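K.L.:
Input structure: data.cif, which contains mmCIF, N, CA and C atoms.
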```
data_entry
#
loop_
_atom_site.label_atom_id
_atom_site.label_comp_id
_atom_site.auth_asym_id
_atom_site.auth_seq_id
_atom_site.Cartn_x
_atom_site.Cartn_y
_atom_site.Cartn_z
N MET A 1 -0.86 13.12 14.49
CA MET A 1 -1.07 12.08 13.47
C MET A 1 -0.42 12.53 12.16
N ALA A 2 0.22 11.61 11.48
CA ALA A 2 0.88 11.92 10.21
C ALA A 2 -0.16 12.24 9.14
N ILE A 3 0.29 12.91 8.09
CA ILE A 3 -0.60 13.32 6.99
C ILE A 3 -1.37 12.12 6.43
N GLU A 4 -0.68 11.02 6.20
CA GLU A 4 -1.35 9.85 5.62
C GLU A 4 -2.51 9.38 6.49
N GLY A 5 -2.32 9.35 7.80
CA GLY A 5 -3.37 8.93 8.72
C GLY A 5 -4.55 9.89 8.74
N LYS A 6 -4.25 11.19 8.73
CA LYS A 6 -5.32 12.19 8.70
C LYS A 6 -6.13 12.09 7.42
N VAL A 7 -5.43 11.96 6.30
CA VAL A 7 -6.12 11.85 5.01
C VAL A 7 -6.96 10.58 4.98
N GLU A 8 -6.41 9.47 5.46
CA GLU A 8 -7.15 8.21 5.48
C GLU A 8 -8.45 8.36 6.28
N SER A 9 -8.36 8.95 7.47
CA SER A 9 -9.56 9.14 8.29
C SER A 9 -10.60 10.02 7.60
N LEU A 10 -10.14 10.99 6.86
CA LEU A 10 -11.04 11.92 6.17
C LEU A 10 -11.72 11.27 4.97
N VAL A 11 -10.96 10.58 4.13
CA VAL A 11 -11.51 10.09 2.85
C VAL A 11 -12.14 8.70 2.94
N LYS A 12 -11.78 7.91 3.92
CA LYS A 12 -12.29 6.53 3.99
C LYS A 12 -13.82 6.47 3.98
N PRO A 13 -14.53 7.26 4.83
CA PRO A 13 -15.99 7.17 4.79
C PRO A 13 -16.59 7.61 3.45
N ILE A 14 -15.98 8.57 2.81
CA ILE A 14 -16.45 9.05 1.51
C ILE A 14 -16.29 7.95 0.47
N ILE A 15 -15.13 7.33 0.46
CA ILE A 15 -14.82 6.26 -0.50
C ILE A 15 -15.73 5.06 -0.28
N GLU A 16 -15.93 4.69 0.99
CA GLU A 16 -16.78 3.53 1.29
C GLU A 16 -18.24 3.80 0.92
N LYS A 17 -18.68 5.04 1.09
CA LYS A 17 -20.06 5.41 0.73
C LYS A 17 -20.29 5.24 -0.78
N LEU A 18 -19.23 5.40 -1.56
CA LEU A 18 -19.31 5.22 -3.01
C LEU A 18 -19.23 3.75 -3.42
N GLY A 19 -18.98 2.87 -2.45
CA GLY A 19 -18.94 1.44 -2.74
C GLY A 19 -17.54 0.88 -3.00
N TYR A 20 -16.51 1.63 -2.62
CA TYR A 20 -15.13 1.19 -2.81
C TYR A 20 -14.49 0.89 -1.46
N LYS A 21 -13.36 0.20 -1.52
CA LYS A 21 -12.54 -0.04 -0.34
C LYS A 21 -11.30 0.84 -0.44
N LEU A 22 -10.95 1.52 0.63
CA LEU A 22 -9.70 2.27 0.66
C LEU A 22 -8.59 1.29 0.99
N TYR A 23 -7.67 1.09 0.03
CA TYR A 23 -6.58 0.13 0.25
C TYR A 23 -5.42 0.78 0.99
N ASP A 24 -5.04 2.00 0.57
CA ASP A 24 -3.90 2.65 1.20
C ASP A 24 -3.85 4.13 0.81
N VAL A 25 -3.10 4.89 1.60
CA VAL A 25 -2.83 6.30 1.33
C VAL A 25 -1.32 6.48 1.44
N GLU A 26 -0.76 7.18 0.47
CA GLU A 26 0.68 7.40 0.45
C GLU A 26 0.95 8.87 0.12
N TYR A 27 1.77 9.51 0.94
CA TYR A 27 2.18 10.89 0.67
C TYR A 27 3.69 10.89 0.53
N VAL A 28 4.18 11.18 -0.68
CA VAL A 28 5.61 11.07 -0.96
C VAL A 28 6.13 12.26 -1.75
N LYS A 29 7.42 12.49 -1.63
CA LYS A 29 8.10 13.49 -2.45
C LYS A 29 8.93 12.73 -3.47
N GLU A 30 8.74 13.08 -4.73
CA GLU A 30 9.53 12.49 -5.81
C GLU A 30 10.12 13.64 -6.61
N GLY A 31 11.44 13.74 -6.59
CA GLY A 31 12.08 14.89 -7.21
C GLY A 31 11.68 16.13 -6.44
N LYS A 32 11.19 17.14 -7.14
CA LYS A 32 10.76 18.37 -6.48
C LYS A 32 9.26 18.38 -6.17
N ASP A 33 8.55 17.36 -6.60
CA ASP A 33 7.09 17.32 -6.47
C ASP A 33 6.62 16.40 -5.35
N TYR A 34 5.48 16.77 -4.76
CA TYR A 34 4.82 15.95 -3.74
C TYR A 34 3.59 15.29 -4.36
N TYR A 35 3.32 14.05 -3.94
CA TYR A 35 2.19 13.29 -4.44
C TYR A 35 1.38 12.72 -3.28
N LEU A 36 0.08 12.89 -3.35
CA LEU A 36 -0.83 12.22 -2.44
C LEU A 36 -1.52 11.15 -3.26
N ARG A 37 -1.23 9.90 -2.92
CA ARG A 37 -1.78 8.78 -3.69
C ARG A 37 -2.81 8.05 -2.84
N ILE A 38 -3.98 7.90 -3.41
CA ILE A 38 -5.08 7.20 -2.77
C ILE A 38 -5.31 5.93 -3.60
N PHE A 39 -5.17 4.77 -2.96
CA PHE A 39 -5.36 3.50 -3.65
C PHE A 39 -6.70 2.92 -3.24
N ILE A 40 -7.55 2.65 -4.23
CA ILE A 40 -8.89 2.14 -3.98
C ILE A 40 -9.06 0.77 -4.63
N ASP A 41 -10.04 0.03 -4.14
CA ASP A 41 -10.26 -1.30 -4.67
C ASP A 41 -11.75 -1.62 -4.62
N LYS A 42 -12.16 -2.58 -5.44
CA LYS A 42 -13.50 -3.16 -5.37
C LYS A 42 -13.41 -4.55 -6.00
N GLU A 43 -14.44 -5.33 -5.79
CA GLU A 43 -14.39 -6.74 -6.17
C GLU A 43 -14.02 -6.99 -7.63
N ASN A 44 -14.58 -6.27 -8.55
CA ASN A 44 -14.31 -6.51 -9.98
C ASN A 44 -13.20 -5.64 -10.55
N GLY A 45 -12.41 -5.04 -9.69
CA GLY A 45 -11.31 -4.21 -10.15
C GLY A 45 -11.70 -2.75 -10.33
N ILE A 46 -10.70 -1.93 -10.57
CA ILE A 46 -10.87 -0.49 -10.66
C ILE A 46 -10.58 -0.02 -12.08
N GLY A 47 -11.45 0.85 -12.59
CA GLY A 47 -11.26 1.45 -13.90
C GLY A 47 -11.07 2.95 -13.78
N LEU A 48 -10.82 3.59 -14.90
CA LEU A 48 -10.59 5.04 -14.93
C LEU A 48 -11.78 5.82 -14.38
N GLU A 49 -12.98 5.36 -14.72
CA GLU A 49 -14.18 6.05 -14.24
C GLU A 49 -14.29 6.00 -12.71
N ASP A 50 -13.88 4.88 -12.13
CA ASP A 50 -13.89 4.75 -10.66
C ASP A 50 -12.93 5.77 -10.03
N CYS A 51 -11.76 5.90 -10.63
CA CYS A 51 -10.76 6.85 -10.12
C CYS A 51 -11.29 8.28 -10.22
N GLU A 52 -11.95 8.60 -11.33
CA GLU A 52 -12.53 9.94 -11.51
C GLU A 52 -13.61 10.19 -10.47
N ASN A 53 -14.48 9.21 -10.24
CA ASN A 53 -15.56 9.36 -9.25
C ASN A 53 -15.01 9.67 -7.87
N VAL A 54 -14.00 8.91 -7.46
CA VAL A 54 -13.41 9.10 -6.13
C VAL A 54 -12.69 10.45 -6.06
N THR A 55 -11.94 10.79 -7.10
CA THR A 55 -11.24 12.08 -7.11
C THR A 55 -12.24 13.22 -6.92
N ASN A 56 -13.31 13.20 -7.69
CA ASN A 56 -14.33 14.25 -7.59
C ASN A 56 -14.98 14.29 -6.21
N ALA A 57 -15.17 13.13 -5.60
CA ALA A 57 -15.84 13.04 -4.30
C ALA A 57 -14.96 13.52 -3.15
N ILE A 58 -13.64 13.34 -3.25
CA ILE A 58 -12.76 13.68 -2.11
C ILE A 58 -12.06 15.03 -2.25
N ASN A 59 -12.01 15.57 -3.45
CA ASN A 59 -11.24 16.79 -3.71
C ASN A 59 -11.61 17.95 -2.79
N ASP A 60 -12.90 18.27 -2.70
CA ASP A 60 -13.33 19.40 -1.87
C ASP A 60 -13.00 19.17 -0.39
N SER A 61 -13.22 17.96 0.08
CA SER A 61 -12.92 17.65 1.49
C SER A 61 -11.43 17.82 1.79
N LEU A 62 -10.59 17.38 0.88
CA LEU A 62 -9.14 17.54 1.07
C LEU A 62 -8.76 19.01 1.08
N ASP A 63 -9.36 19.78 0.18
CA ASP A 63 -9.07 21.22 0.13
C ASP A 63 -9.51 21.91 1.42
N LYS A 64 -10.69 21.59 1.91
CA LYS A 64 -11.21 22.20 3.14
C LYS A 64 -10.38 21.82 4.35
N ALA A 65 -10.00 20.55 4.44
CA ALA A 65 -9.21 20.08 5.59
C ALA A 65 -7.83 20.73 5.60
N ASP A 66 -7.26 20.97 4.43
CA ASP A 66 -5.98 21.67 4.28
C ASP A 66 -4.85 21.05 5.13
N TYR A 67 -4.78 19.71 5.13
CA TYR A 67 -3.73 19.02 5.88
C TYR A 67 -2.36 19.22 5.25
N ILE A 68 -2.34 19.41 3.95
CA ILE A 68 -1.07 19.51 3.23
C ILE A 68 -0.88 20.97 2.81
N LYS A 69 0.13 21.59 3.36
CA LYS A 69 0.33 23.03 3.14
C LYS A 69 1.09 23.33 1.84
N THR A 70 1.80 22.35 1.31
CA THR A 70 2.53 22.57 0.07
C THR A 70 1.70 22.10 -1.12
N GLU A 71 2.08 22.53 -2.30
CA GLU A 71 1.39 22.09 -3.51
C GLU A 71 1.69 20.61 -3.74
N TYR A 72 0.66 19.85 -4.16
CA TYR A 72 0.85 18.42 -4.39
C TYR A 72 -0.06 17.97 -5.52
N PHE A 73 0.26 16.80 -6.04
CA PHE A 73 -0.56 16.17 -7.07
C PHE A 73 -1.37 15.06 -6.40
N LEU A 74 -2.68 15.04 -6.67
CA LEU A 74 -3.55 13.99 -6.16
C LEU A 74 -3.67 12.91 -7.22
N GLU A 75 -3.38 11.67 -6.84
CA GLU A 75 -3.53 10.53 -7.75
C GLU A 75 -4.42 9.50 -7.07
N VAL A 76 -5.47 9.08 -7.76
CA VAL A 76 -6.33 8.02 -7.27
C VAL A 76 -6.20 6.87 -8.25
N SER A 77 -5.88 5.67 -7.73
CA SER A 77 -5.68 4.53 -8.62
C SER A 77 -5.93 3.22 -7.88
N SER A 78 -5.87 2.16 -8.65
CA SER A 78 -5.93 0.80 -8.11
C SER A 78 -4.57 0.48 -7.49
N PRO A 79 -4.55 -0.39 -6.47
CA PRO A 79 -3.25 -0.81 -5.95
C PRO A 79 -2.52 -1.75 -6.91
N GLY A 80 -3.21 -2.20 -7.96
CA GLY A 80 -2.59 -3.06 -8.96
C GLY A 80 -2.67 -4.53 -8.57
N VAL A 81 -2.18 -5.37 -9.46
CA VAL A 81 -2.19 -6.81 -9.22
C VAL A 81 -1.12 -7.16 -8.20
N GLU A 82 0.08 -6.64 -8.40
CA GLU A 82 1.17 -6.87 -7.44
C GLU A 82 1.14 -5.69 -6.47
N ARG A 83 0.56 -5.93 -5.30
CA ARG A 83 0.27 -4.88 -4.33
C ARG A 83 1.32 -4.78 -3.24
N VAL A 84 1.67 -3.57 -2.91
CA VAL A 84 2.59 -3.33 -1.80
C VAL A 84 1.84 -3.63 -0.50
N LEU A 85 2.50 -4.34 0.39
CA LEU A 85 1.93 -4.68 1.69
C LEU A 85 2.54 -3.78 2.75
N ARG A 86 1.69 -2.95 3.38
CA ARG A 86 2.19 -2.04 4.41
C ARG A 86 1.45 -2.18 5.74
N LYS A 87 0.20 -2.58 5.69
CA LYS A 87 -0.64 -2.61 6.89
C LYS A 87 -0.91 -4.05 7.31
N PRO A 88 -1.21 -4.26 8.59
CA PRO A 88 -1.52 -5.62 9.05
C PRO A 88 -2.61 -6.30 8.22
N GLU A 89 -3.65 -5.56 7.83
CA GLU A 89 -4.71 -6.18 7.03
C GLU A 89 -4.20 -6.62 5.66
N HIS A 90 -3.21 -5.90 5.10
CA HIS A 90 -2.62 -6.31 3.82
C HIS A 90 -1.93 -7.67 3.98
N PHE A 91 -1.18 -7.81 5.06
CA PHE A 91 -0.48 -9.08 5.31
C PHE A 91 -1.49 -10.20 5.55
N LYS A 92 -2.51 -9.94 6.37
CA LYS A 92 -3.51 -10.94 6.72
C LYS A 92 -4.21 -11.46 5.46
N GLU A 93 -4.56 -10.55 4.53
CA GLU A 93 -5.25 -10.92 3.29
C GLU A 93 -4.38 -11.77 2.36
N ASN A 94 -3.07 -11.75 2.58
CA ASN A 94 -2.16 -12.42 1.65
C ASN A 94 -1.39 -13.59 2.24
N ILE A 95 -1.83 -14.09 3.39
CA ILE A 95 -1.23 -15.30 3.96
C ILE A 95 -1.42 -16.44 2.95
N GLY A 96 -0.35 -17.17 2.69
CA GLY A 96 -0.41 -18.29 1.76
C GLY A 96 -0.13 -17.91 0.32
N LYS A 97 0.08 -16.62 0.06
CA LYS A 97 0.35 -16.16 -1.31
C LYS A 97 1.82 -15.83 -1.48
N ASP A 98 2.26 -15.83 -2.73
CA ASP A 98 3.65 -15.50 -3.03
C ASP A 98 3.90 -14.00 -2.86
N VAL A 99 5.05 -13.69 -2.27
CA VAL A 99 5.46 -12.31 -2.07
C VAL A 99 6.90 -12.12 -2.52
N GLU A 100 7.21 -10.89 -2.89
CA GLU A 100 8.57 -10.51 -3.25
C GLU A 100 9.04 -9.49 -2.22
N ILE A 101 10.15 -9.79 -1.59
CA ILE A 101 10.69 -8.93 -0.55
C ILE A 101 11.99 -8.31 -1.05
N LYS A 102 12.05 -6.98 -1.03
CA LYS A 102 13.29 -6.27 -1.36
C LYS A 102 13.88 -5.78 -0.05
N LEU A 103 15.16 -6.05 0.13
CA LEU A 103 15.84 -5.76 1.38
C LEU A 103 16.75 -4.54 1.27
N PHE A 104 16.96 -3.88 2.39
CA PHE A 104 17.91 -2.76 2.42
C PHE A 104 19.34 -3.28 2.25
N LYS A 105 19.66 -4.40 2.92
CA LYS A 105 20.98 -5.02 2.85
C LYS A 105 20.79 -6.51 2.57
N PRO A 106 21.73 -7.12 1.86
CA PRO A 106 21.60 -8.55 1.54
C PRO A 106 21.53 -9.45 2.77
N ILE A 107 20.74 -10.50 2.65
CA ILE A 107 20.71 -11.60 3.62
C ILE A 107 21.12 -12.83 2.83
N ASP A 108 22.15 -13.51 3.32
CA ASP A 108 22.70 -14.68 2.60
C ASP A 108 23.04 -14.33 1.16
N GLY A 109 23.55 -13.10 0.94
CA GLY A 109 23.97 -12.68 -0.38
C GLY A 109 22.85 -12.21 -1.30
N LYS A 110 21.61 -12.15 -0.81
CA LYS A 110 20.48 -11.76 -1.66
C LYS A 110 19.80 -10.50 -1.13
N LYS A 111 19.48 -9.58 -2.06
CA LYS A 111 18.74 -8.38 -1.69
C LYS A 111 17.26 -8.52 -2.05
N GLN A 112 16.92 -9.65 -2.67
CA GLN A 112 15.53 -9.91 -3.04
C GLN A 112 15.22 -11.36 -2.72
N ILE A 113 14.09 -11.57 -2.06
CA ILE A 113 13.68 -12.93 -1.69
C ILE A 113 12.23 -13.12 -2.11
N ILE A 114 11.95 -14.23 -2.76
CA ILE A 114 10.59 -14.54 -3.16
C ILE A 114 10.17 -15.82 -2.45
N GLY A 115 8.97 -15.79 -1.88
CA GLY A 115 8.48 -16.96 -1.18
C GLY A 115 7.02 -16.81 -0.82
N LYS A 116 6.49 -17.81 -0.16
CA LYS A 116 5.09 -17.82 0.26
C LYS A 116 5.00 -17.21 1.66
N LEU A 117 4.12 -16.24 1.82
CA LEU A 117 3.91 -15.60 3.13
C LEU A 117 3.20 -16.59 4.05
N LEU A 118 3.88 -16.97 5.13
CA LEU A 118 3.32 -17.94 6.07
C LEU A 118 2.58 -17.26 7.21
N LYS A 119 3.22 -16.25 7.79
CA LYS A 119 2.64 -15.50 8.90
C LYS A 119 3.46 -14.24 9.12
N PHE A 120 2.99 -13.41 10.04
CA PHE A 120 3.68 -12.17 10.36
C PHE A 120 3.34 -11.79 11.80
N ASP A 121 4.18 -10.96 12.38
CA ASP A 121 3.85 -10.36 13.67
C ASP A 121 4.37 -8.92 13.65
N GLU A 122 4.40 -8.29 14.78
CA GLU A 122 4.80 -6.88 14.85
C GLU A 122 6.21 -6.64 14.29
N GLU A 123 7.10 -7.61 14.48
CA GLU A 123 8.50 -7.41 14.16
C GLU A 123 9.02 -8.19 12.95
N LYS A 124 8.37 -9.30 12.59
CA LYS A 124 8.93 -10.18 11.57
C LYS A 124 7.90 -10.66 10.56
N ILE A 125 8.44 -11.04 9.40
CA ILE A 125 7.67 -11.69 8.34
C ILE A 125 8.24 -13.10 8.22
N TYR A 126 7.37 -14.07 8.09
CA TYR A 126 7.80 -15.46 7.95
C TYR A 126 7.38 -15.95 6.57
N ILE A 127 8.37 -16.41 5.79
CA ILE A 127 8.07 -16.90 4.44
C ILE A 127 8.70 -18.26 4.20
N GLU A 128 8.18 -18.94 3.20
CA GLU A 128 8.73 -20.23 2.78
C GLU A 128 9.26 -20.05 1.37
N THR A 129 10.57 -20.25 1.20
CA THR A 129 11.19 -20.17 -0.12
C THR A 129 11.37 -21.61 -0.64
N ASP A 130 11.93 -21.74 -1.82
CA ASP A 130 12.20 -23.08 -2.36
C ASP A 130 13.16 -23.86 -1.47
N GLU A 131 14.07 -23.13 -0.81
CA GLU A 131 15.10 -23.79 -0.01
C GLU A 131 14.69 -24.04 1.43
N GLU A 132 13.95 -23.08 2.05
CA GLU A 132 13.73 -23.16 3.49
C GLU A 132 12.67 -22.16 3.95
N GLU A 133 12.32 -22.26 5.23
CA GLU A 133 11.48 -21.24 5.85
C GLU A 133 12.42 -20.16 6.39
N LYS A 134 12.02 -18.91 6.22
CA LYS A 134 12.85 -17.79 6.68
C LYS A 134 12.01 -16.85 7.51
N GLU A 135 12.65 -16.24 8.49
CA GLU A 135 12.02 -15.13 9.19
C GLU A 135 12.87 -13.90 8.94
N ILE A 136 12.20 -12.82 8.57
CA ILE A 136 12.91 -11.59 8.20
C ILE A 136 12.34 -10.46 9.05
N LYS A 137 13.23 -9.72 9.69
CA LYS A 137 12.80 -8.58 10.50
C LYS A 137 12.24 -7.50 9.59
N LYS A 138 11.12 -6.90 9.99
CA LYS A 138 10.49 -5.86 9.19
C LYS A 138 11.44 -4.69 8.94
N GLU A 139 12.28 -4.39 9.90
CA GLU A 139 13.22 -3.26 9.74
C GLU A 139 14.24 -3.50 8.62
N GLN A 140 14.40 -4.75 8.19
CA GLN A 140 15.32 -5.07 7.10
C GLN A 140 14.67 -4.95 5.73
N ILE A 141 13.35 -4.80 5.71
CA ILE A 141 12.59 -4.83 4.46
C ILE A 141 12.38 -3.42 3.90
N ALA A 142 12.82 -3.22 2.66
CA ALA A 142 12.58 -1.95 1.97
C ALA A 142 11.17 -1.94 1.39
N GLN A 143 10.76 -3.08 0.84
CA GLN A 143 9.41 -3.20 0.26
C GLN A 143 9.02 -4.67 0.19
N ILE A 144 7.74 -4.92 0.42
CA ILE A 144 7.20 -6.27 0.23
C ILE A 144 5.90 -6.12 -0.56
N LYS A 145 5.77 -6.95 -1.60
CA LYS A 145 4.56 -6.89 -2.41
C LYS A 145 4.19 -8.28 -2.88
N THR A 146 2.92 -8.42 -3.26
CA THR A 146 2.45 -9.70 -3.78
C THR A 146 3.14 -9.96 -5.11
N LYS A 147 3.32 -11.22 -5.43
CA LYS A 147 4.02 -11.60 -6.66
C LYS A 147 3.15 -12.56 -7.45
N TYR A 148 2.89 -12.21 -8.70
CA TYR A 148 2.13 -13.08 -9.60
C TYR A 148 3.00 -13.43 -10.77
N TRP A 149 2.91 -14.67 -11.17
CA TRP A 149 3.79 -15.17 -12.26
C TRP A 149 3.13 -15.06 -13.55
#
```
Will you turn the file into structure tokens for me?

P.N.:
Amino acid sequence: MAIEGKVESLVKPIIEKLGYKLYDVEYVKEGKDYYLRIFIDKENGIGLEDCENVTNAINDSLDKADYIKTEYFLEVSSPGVERVLRKPEHFKENIGKDVEIKLFKPIDGKKQIIGKLLKFDEEKIYIETDEEEKEIKKEQIAQIKTKYW
């Protein structure tokens, strides 16, 4: 299992016990540094105190589990208003909402497409733009996130 999956399995019950929802886990290298990002959510939004509570609650467990052998920075935050969609539940929660899709290579001359998320499956995302309905293969998508005007 990848680091993100192991960390998610470890911290999810701790986070839920505190009354939060675990939105996502991301382990990335930026420049020379590694970051473990834990995104949490709750009905009325996330504040700094919430992030501190979760950080304090999961820190010892992460240290004991020792899944990450290199030095890293732990960041706990809200997924924000415009949220990255990576998991099936993220897509399911956002059916009918506007999304912004950034592509690896242009489709019809565009590397960015904005439209309403209609549905999704294992391989494709289906959206409605101002011009038409489009289906886009997931492998063509660099990032997809909710879009608020």

K.L.:
Which distance in Å separates CA of Ser9 in chain A and CA of Leu62 in chain A, to one decimal?

P.N.:
11.1 Å

K.L.:
For Leu117 in chain A, which residue out of A:Asp66, A:Glu82, A:Asp98, A:Glu133 is the nearest one, using only N, CA and C atoms?

P.N.:
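The shortest atom-to-atom distance to Leu117 in chain A comes from A:Asp98.
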
K.L.:
So what does the PyMOL selection byres (((chain A and resi 147 and name CA) around 9) and name CA) actually pick up in this one, as JSON, numbers by chain?

P.N.:
{"A": [81, 82, 83, 97, 98, 99, 100, 114, 115, 145, 146, 148, 149]}

K.L.:
Suppose you want the space between atom C of Glu93 in chain A and atom C of Asp108 in chain A; what is it in Å?

P.N.:
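Between these atoms lies a distance of 27.6 Å.
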
K.L.:
May I have all residues of range 63-103 of chain A that DSSP, computed from the backbone, assigns to helix (DSSP H, G or I), given as a list in words?

P.N.:
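Taking range 63-103 of chain A and keeping helix (DSSP H, G or I) only, one gets Asp63, Lys64, Ala65, Pro88, Glu89, His90, Phe91, Lys92 and Glu93 of chain A.
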
K.L.:
Let's see if you can do this: from backbone DSSP, list all strand (DSSP E or B) residues in chain A, as a VMD selection string.

P.N.:
chain A and resid 21 to 30 33 to 41 73 to 77 84 98 to 107 110 to 120 124 to 128 133 to 137 141 to 146

K.L.:
Name all residues at most 12 Å from Ile107 in chain A (count only C-alpha atoms; drop same-chain ones fewer than 5 positions away) and give them as JSON, numbers by chain.

P.N.:
{"A": [101, 102, 112, 113, 134, 135, 136, 137, 140, 141]}
